[in-house]
Each structure stands twice: as C-alpha cells, then as structure tokens.
$ cat structure.cif   # mmCIF, C-alpha atoms
data_model
#
loop_
_atom_site.label_atom_id
_atom_site.label_comp_id
_atom_site.auth_asym_id
_atom_site.auth_seq_id
_atom_site.Cartn_x
_atom_site.Cartn_y
_atom_site.Cartn_z
CA MET A 10 90.50 99.18 105.34
CA LEU A 11 94.20 98.54 105.87
CA ILE A 12 96.48 101.29 104.55
CA VAL A 13 100.20 100.63 104.32
CA GLY A 14 102.13 103.91 104.13
CA GLU A 15 104.77 103.53 101.42
CA LEU A 16 107.01 106.55 101.98
CA ILE A 17 109.84 105.07 104.09
CA ASN A 18 111.67 103.54 101.17
CA THR A 19 115.28 104.24 100.23
CA SER A 20 114.34 104.30 96.55
CA ARG A 21 113.25 107.86 97.45
CA THR A 22 116.25 110.20 97.56
CA GLU A 23 115.14 111.95 100.74
CA ILE A 24 114.87 108.66 102.62
CA LYS A 25 118.09 107.18 101.25
CA THR A 26 120.03 110.28 102.29
CA ALA A 27 118.47 110.25 105.75
CA VAL A 28 119.32 106.58 106.27
CA LEU A 29 122.90 106.93 105.10
CA ASN A 30 123.36 109.93 107.41
CA ARG A 31 121.40 108.29 110.24
CA ASP A 32 119.13 111.34 110.22
CA ALA A 33 116.47 110.12 112.64
CA GLU A 34 114.48 113.35 112.60
CA THR A 35 113.67 113.12 108.88
CA ILE A 36 112.59 109.49 109.14
CA GLN A 37 110.46 110.20 112.19
CA GLN A 38 108.76 113.17 110.53
CA VAL A 39 107.76 110.98 107.57
CA ALA A 40 106.51 108.25 109.91
CA LYS A 41 104.41 110.68 111.95
CA ALA A 42 103.00 112.37 108.85
CA GLN A 43 101.80 109.04 107.46
CA GLU A 44 100.27 108.06 110.79
CA ALA A 45 98.49 111.41 111.09
CA ALA A 46 97.09 110.98 107.57
CA GLY A 47 95.51 107.63 108.45
CA ALA A 48 98.06 104.91 107.71
CA THR A 49 97.44 101.72 109.68
CA TYR A 50 100.82 100.14 108.83
CA LEU A 51 104.15 101.66 107.87
CA ASP A 52 106.19 99.94 105.18
CA VAL A 53 109.95 99.84 105.82
CA ASN A 54 112.11 99.24 102.76
CA CYS A 55 115.85 99.82 102.36
CA GLY A 56 116.42 97.11 99.78
CA ASN A 57 118.55 99.19 97.44
CA LEU A 58 121.22 99.60 100.14
CA VAL A 59 122.35 96.08 99.39
CA GLU A 60 125.60 95.95 101.36
CA GLN A 61 124.18 97.95 104.27
CA GLU A 62 120.59 96.71 104.24
CA ILE A 63 120.57 94.63 107.41
CA ALA A 64 122.07 97.36 109.59
CA ALA A 65 119.86 99.99 107.91
CA MET A 66 116.74 97.92 108.49
CA GLY A 67 117.48 97.57 112.19
CA TRP A 68 118.14 101.28 112.55
CA LEU A 69 115.00 102.22 110.64
CA VAL A 70 112.72 99.98 112.69
CA ASP A 71 114.12 101.28 115.97
CA THR A 72 113.96 104.90 114.78
CA ILE A 73 110.35 104.67 113.59
CA GLN A 74 109.18 102.96 116.77
CA GLU A 75 110.53 105.79 118.91
CA VAL A 76 107.69 108.01 117.61
CA SER A 77 105.01 105.67 116.26
CA ALA A 78 103.15 102.70 117.70
CA LEU A 79 101.83 101.61 114.29
CA PRO A 80 102.70 98.04 113.27
CA LEU A 81 105.29 97.71 110.53
CA SER A 82 105.38 96.07 107.13
CA ILE A 83 108.93 94.75 106.78
CA ASP A 84 109.73 94.90 103.08
CA SER A 85 112.82 93.31 101.57
CA PRO A 86 114.03 90.76 99.00
CA ASN A 87 116.64 89.70 101.59
CA PRO A 88 115.42 87.17 104.20
CA ALA A 89 118.17 88.27 106.60
CA ALA A 90 116.90 91.87 106.45
CA LEU A 91 113.35 90.65 107.00
CA SER A 92 114.51 88.75 110.08
CA GLU A 93 116.37 91.79 111.41
CA GLY A 94 113.28 93.96 111.10
CA LEU A 95 110.92 91.38 112.57
CA GLN A 96 113.16 90.78 115.60
CA ARG A 97 112.92 94.47 116.45
CA ALA A 98 109.24 95.07 115.62
CA ARG A 99 107.34 95.45 118.87
CA HIS A 100 104.00 97.11 118.06
CA GLY A 101 101.04 95.01 116.98
CA GLN A 102 101.20 92.20 114.44
CA PRO A 103 103.95 92.82 111.88
CA MET A 104 103.55 92.19 108.17
CA ILE A 105 106.03 90.75 105.68
CA ASN A 106 106.18 92.20 102.19
CA SER A 107 106.30 89.64 100.59
CA ILE A 108 106.16 85.94 99.70
CA SER A 109 105.38 84.36 96.33
CA ASN A 110 104.95 80.93 94.76
CA GLU A 111 108.59 80.99 93.66
CA THR A 112 110.37 78.08 95.31
CA ALA A 113 113.37 79.97 96.71
CA ARG A 114 111.26 82.84 98.05
CA TRP A 115 108.74 80.47 99.59
CA GLN A 116 111.40 78.45 101.38
CA ALA A 117 113.13 81.57 102.70
CA VAL A 118 110.08 83.55 103.86
CA LEU A 119 107.55 80.99 105.13
CA PRO A 120 109.61 80.11 108.24
CA LEU A 121 109.64 83.82 109.18
CA VAL A 122 105.87 84.10 108.73
CA LEU A 123 105.38 81.18 111.09
CA GLU A 124 108.04 82.18 113.62
CA TYR A 125 106.82 85.75 114.03
CA ARG A 126 103.11 85.05 113.33
CA THR A 127 102.98 87.84 110.79
CA LYS A 128 100.50 89.03 108.26
CA ILE A 129 101.82 88.18 104.81
CA ILE A 130 101.52 89.84 101.41
CA ALA A 131 101.54 87.09 98.78
CA LEU A 132 102.41 87.99 95.20
CA CYS A 133 100.88 86.14 92.26
CA ILE A 134 104.28 85.12 90.86
CA GLU A 135 105.67 81.63 90.35
CA ASP A 136 108.94 80.09 89.16
CA SER A 137 107.98 80.51 85.50
CA GLY A 138 107.60 84.27 86.03
CA MET A 139 104.90 86.94 85.98
CA PRO A 140 101.26 85.93 85.44
CA LYS A 141 99.98 86.45 81.92
CA GLY A 142 96.30 87.09 82.53
CA LEU A 143 93.20 86.22 84.53
CA GLU A 144 93.61 82.45 84.74
CA ASP A 145 97.28 82.61 85.73
CA ARG A 146 96.54 85.01 88.57
CA LEU A 147 93.62 82.98 89.89
CA ARG A 148 95.55 79.71 89.68
CA ILE A 149 98.57 81.12 91.53
CA ALA A 150 96.38 82.82 94.13
CA ASP A 151 94.58 79.54 94.81
CA SER A 152 97.87 77.70 95.19
CA VAL A 153 99.43 80.30 97.50
CA ILE A 154 96.33 80.56 99.72
CA ASN A 155 96.03 76.80 100.11
CA ARG A 156 99.74 76.30 100.76
CA LEU A 157 99.80 79.03 103.40
CA VAL A 158 96.71 77.67 105.16
CA GLN A 159 98.13 74.15 105.11
CA ALA A 160 101.31 75.52 106.70
CA GLY A 161 99.26 77.02 109.54
CA VAL A 162 98.80 80.63 108.42
CA PRO A 163 95.28 81.95 109.25
CA LEU A 164 93.20 83.09 106.27
CA GLU A 165 92.78 86.53 107.80
CA ALA A 166 96.57 87.01 107.82
CA ILE A 167 96.86 86.51 104.04
CA TYR A 168 96.92 89.51 101.67
CA ILE A 169 96.93 88.53 98.00
CA ASP A 170 98.59 90.96 95.60
CA PRO A 171 97.31 90.20 92.07
CA LEU A 172 100.16 92.23 90.55
CA VAL A 173 99.11 95.46 88.93
CA THR A 174 100.63 95.94 85.47
CA PRO A 175 100.35 98.98 83.17
CA ILE A 176 97.31 99.62 81.02
CA SER A 177 99.71 101.39 78.64
CA THR A 178 101.02 97.99 77.54
CA ASP A 179 97.78 96.01 77.82
CA GLN A 180 94.47 97.85 77.86
CA LYS A 181 92.70 94.75 79.26
CA THR A 182 94.78 94.74 82.44
CA GLY A 183 92.42 96.89 84.50
CA LYS A 184 89.40 94.76 83.68
CA ILE A 185 91.33 91.55 84.38
CA LEU A 186 92.50 92.79 87.76
CA LEU A 187 88.99 93.77 88.83
CA LYS A 188 87.77 90.26 87.98
CA VAL A 189 90.66 88.70 89.91
CA ILE A 190 89.94 90.80 93.01
CA ARG A 191 86.22 90.05 92.91
CA THR A 192 86.80 86.30 92.44
CA ILE A 193 89.31 86.05 95.29
CA MET A 194 87.23 88.07 97.74
CA GLU A 195 84.09 86.07 96.99
CA GLY A 196 85.79 82.68 96.79
CA TYR A 197 88.02 82.80 99.87
CA PRO A 198 86.10 84.46 102.72
CA GLY A 199 88.55 85.92 105.23
CA VAL A 200 91.40 86.44 102.77
CA HIS A 201 92.38 90.02 101.90
CA THR A 202 93.58 91.62 98.68
CA ILE A 203 96.16 94.38 98.46
CA CYS A 204 98.16 96.22 95.81
CA GLY A 205 100.39 99.13 95.01
CA LEU A 206 98.34 101.27 92.65
CA SER A 207 100.91 103.24 90.70
CA ASN A 208 101.91 100.56 88.17
CA ILE A 209 98.51 100.83 86.51
CA SER A 210 99.36 104.29 85.14
CA TYR A 211 103.01 103.70 84.15
CA GLY A 212 103.91 105.44 80.91
CA LEU A 213 100.83 107.67 80.83
CA PRO A 214 100.27 111.36 81.67
CA ALA A 215 98.35 112.62 84.72
CA ARG A 216 99.14 109.41 86.56
CA LYS A 217 97.57 110.49 89.83
CA VAL A 218 94.17 110.71 88.16
CA LEU A 219 94.37 107.11 86.94
CA ASN A 220 95.70 105.86 90.26
CA ARG A 221 92.83 107.44 92.16
CA LEU A 222 90.20 106.14 89.76
CA PHE A 223 91.66 102.66 89.81
CA MET A 224 91.59 102.65 93.61
CA VAL A 225 87.88 103.48 93.56
CA GLN A 226 87.24 100.70 91.03
CA THR A 227 89.22 98.08 92.95
CA MET A 228 87.49 99.03 96.19
CA SER A 229 84.14 98.49 94.47
CA ALA A 230 85.41 95.03 93.45
CA GLY A 231 86.15 94.21 97.09
CA MET A 232 89.81 95.14 97.63
CA ASP A 233 90.30 96.03 101.28
CA SER A 234 93.98 97.01 101.57
CA TYR A 235 96.37 99.34 99.75
CA ILE A 236 100.03 100.29 99.72
CA LEU A 237 100.03 104.02 99.02
CA ASN A 238 101.05 107.50 100.07
CA PRO A 239 98.46 108.48 102.70
CA THR A 240 99.67 112.09 102.74
CA ASP A 241 98.44 112.55 99.14
CA LYS A 242 95.24 114.49 99.84
CA GLY A 243 93.71 113.58 96.52
CA MET A 244 94.20 109.88 97.13
CA LEU A 245 92.94 110.15 100.70
CA SER A 246 89.84 112.04 99.55
CA SER A 247 89.02 109.27 97.08
CA LEU A 248 89.67 106.57 99.66
CA LYS A 249 87.51 108.03 102.42
CA GLY A 250 84.77 109.05 100.01
CA SER A 251 84.62 105.56 98.49
CA MET A 252 84.46 103.93 101.90
CA ALA A 253 81.50 106.13 102.81
CA LEU A 254 79.70 105.46 99.53
CA LEU A 255 80.24 101.69 99.78
CA GLY A 256 78.87 101.52 103.31
CA LEU A 257 82.25 100.81 104.88
CA ASP A 258 82.26 103.89 107.12
CA ARG A 259 79.64 103.78 109.88
CA HIS A 260 77.69 107.04 109.94
CA CYS A 261 80.42 108.48 107.64
CA ARG A 262 82.53 109.15 110.72
CA ALA A 263 85.93 108.61 109.12
CA TYR A 264 84.93 110.78 106.16
CA ASN A 265 83.75 113.61 108.41
CA ASN A 266 86.74 113.36 110.75
CA ALA A 267 89.21 113.56 107.87
CA TYR A 268 87.37 116.62 106.54
CA ARG A 269 87.53 118.37 109.92
CA GLU A 270 91.25 117.62 110.13
CA GLY A 271 91.86 119.29 106.77
CA LEU A 272 93.07 116.13 105.07
CA TYR A 273 91.03 116.49 101.89
CA ASP A 274 91.79 117.95 98.50
CA HIS A 275 88.63 119.85 97.58
CA ALA A 276 89.49 120.15 93.89
#
$ encode --input "structure.cif" --output "structure tokens"
Amino acid sequence: MLIVGELINTSRTEIKTAVLNRDAETIQQVAKAQEAAGATYLDVNCGNLVEQEIAAMGWLVDTIQEVSALPLSIDSPNPAALSEGLQRARHGQPMINSISNETARWQAVLPLVLEYRTKIIALCIEDSGMPKGLEDRLRIADSVINRLVQAGVPLEAIYIDPLVTPISTDQKTGKILLKVIRTIMEGYPGVHTICGLSNISYGLPARKVLNRLFMVQTMSAGMDSYILNPTDKGMLSSLKGSMALLGLDRHCRAYNNAYREGLYDHA
C-alpha cells in the first residue's frame, strides 16, 4: 500500500507562510510527522506560488530531504517546477504528480518521466475535458496505459487516477469509480490505481466519515495507493484495519504496530 502524504502543499496557509518565510523547521516538522504516521511518499506542491514556484520547489525539496529519506512526489502544473524538484530528489524513485491524456501535458511531462525514471500518476483527463462516466474513464485509462508502456514506462510505475468527483452532484459517482478501479486492476496486472479521497464528499456534512468509508470501499475494489493525510488518526485506523481484513497485512503486523505506537483513533 503506497501512501502519499499530502500536507506539504502551499494551498494550506501554514505551509504557504512557512515557504514564503523560508521557515525550514515548520516544513521539516510536517515532513517528519507524516513519515512517522506511515507515509511512504511525501507530496511536494507549491503550485499556487506561481511567480516563485521554481525557487520554492527547489527549497522545499532540499529542506524536506534534510530530515527525511522518503521518496518524493513532485506535484506541479509547471514542467519547469517538476524538473527543478526532480533534479534535487535523491532518495528512492521519485514520482510525478501528474500526467494526463491532454496533448500539451503529455508532451511536457513524458520526457521528464523517461529522463528521471519516475513513477507517474496518470489522470483520466483528455483534451475534450473531464470524463463523463464509466466508459470515458476506462477508455482514457486504456489509452494512457498503452501510450506510457509504448514509450518505455514499466507497468509497475504507472498509477492511474480515475478522478474522484462529488457524490453531491452525481449520486452514481461512487459506484462508477468502484467499477473503474476493479476493471483497471483486473485488466492491467502490474498497474496501480491511486486517488485523492476528499472530492467524493465535497458539499456534504461530516466529510471525514464519507472519505474514510470511501477509502475502505475502494480498497475492497483493489485500489492500492492513496494521496491523503496520514496524521489523521481516523483515516489511518480505517486504512490499517482494512489492510488487515483484506489479507494485505501479514500476521496483522502493521495493524498491531500502529496500535502500539498510539496512531489509532479508538472512537
């Protein structure tokens, strides 16, 4: 189970302030907290600092790597910022967040995937826009997987994001996404699926409840990677418990270890 810690993102006020002030201690505390909670990758995103993004990305990557040996997910709409982060990443195999089937994005990001031999999150989006349902998602996923493999990207480096959209605007979305995940995981052995969970609950109350339940459902459908806040004890409890129940945790070791470390919400 690959867990990408999402907290180092300048869309969060605490992180934006720390980056602008070059407050290394705050960034490093967040990095270490996510690692201690079980993250296997750390996402690095400063995309809303448009004019300063490249310099901020370089500083963030260097600052994080002073205290953590986790590999990084370099996350940006700007190919130059992606390149800056990848040049500095020195621990493990980096990840790029993300590529899509949109022509401009494909042409800009694929050379970086190949040059740095990264893992790659691939969004089910194409030039005509967002997918409209099950068939759109499966068609785009098939195209992206085949194009990446033909370009020389190993199947095991591909992480398909089916694009989670709110159930508040389409009550069929959850069911569609579960079918997409199951179809991809069964039809393309070696490929991974990944998502950010929080969009599913947009516009509804008690969002954490829905996010946690949706994670359990997607895991049952075969999803094996998530972008989330690993320091959320409720989410971590659901994650580790589901892994144990689905036979993904040998002798329930990870579940027991997390309990001993006090990482669970017992509510």
$ residues_near_point --input "structure.cif" --point "(91.9, 103.3, 83.8)" --cutoff "7 Å" --atoms "only C-alpha atoms" --output "list in words"
Gly183, Leu219, Leu222 and Phe223 of chain A
$ resolve_selection --input "structure.cif" --expression "the PyMOL selection byres ((chain A and resi 164) around 10)" --output "list in words"
Lys128, Ile154, Asn155, Leu157, Val158, Gly161, Val162, Pro163, Glu165, Ala166, Ile167, Tyr168, Tyr197, Pro198, Gly199, Val200 and His201 of chain A
$ closest_residue --input "structure.cif" --among "A:Ile203, A:Val53, A:Ile108, A:Leu121" --to "Tyr235 (chain A)" --atoms "all atoms listed in the file"
A:Ile203
$ residues_around --input "structure.cif" --residues "Glu135 (chain A)" --least-positions-apart "5" --cutoff "7 Å" --atoms "all atoms listed in the file" --output "PyMOL selection string"
chain A and resi 109-111
$ residues_around --input "structure.cif" --residues "region 250-258 of chain A" --least-positions-apart "6" --cutoff "12 Å" --atoms "only C-alpha atoms" --output "list in words"
Met10, Leu11, Arg221, Leu222, Phe223, Met224, Val225, Gln226, Thr227, Met228, Ser229, Ala230, Gly231, Met232, Asp233, Ser234, Lys242, Gly243, Met244, Tyr264, Asn265, Asn266, Ala267, Tyr268, Tyr273, Asp274 and His275 of chain A
$ closest_residue --input "structure.cif" --among "A:Gly67, A:Gly205, A:Ser137, A:Leu213" --to "Thr178 (chain A)" --atoms "all atoms listed in the file"
A:Leu213
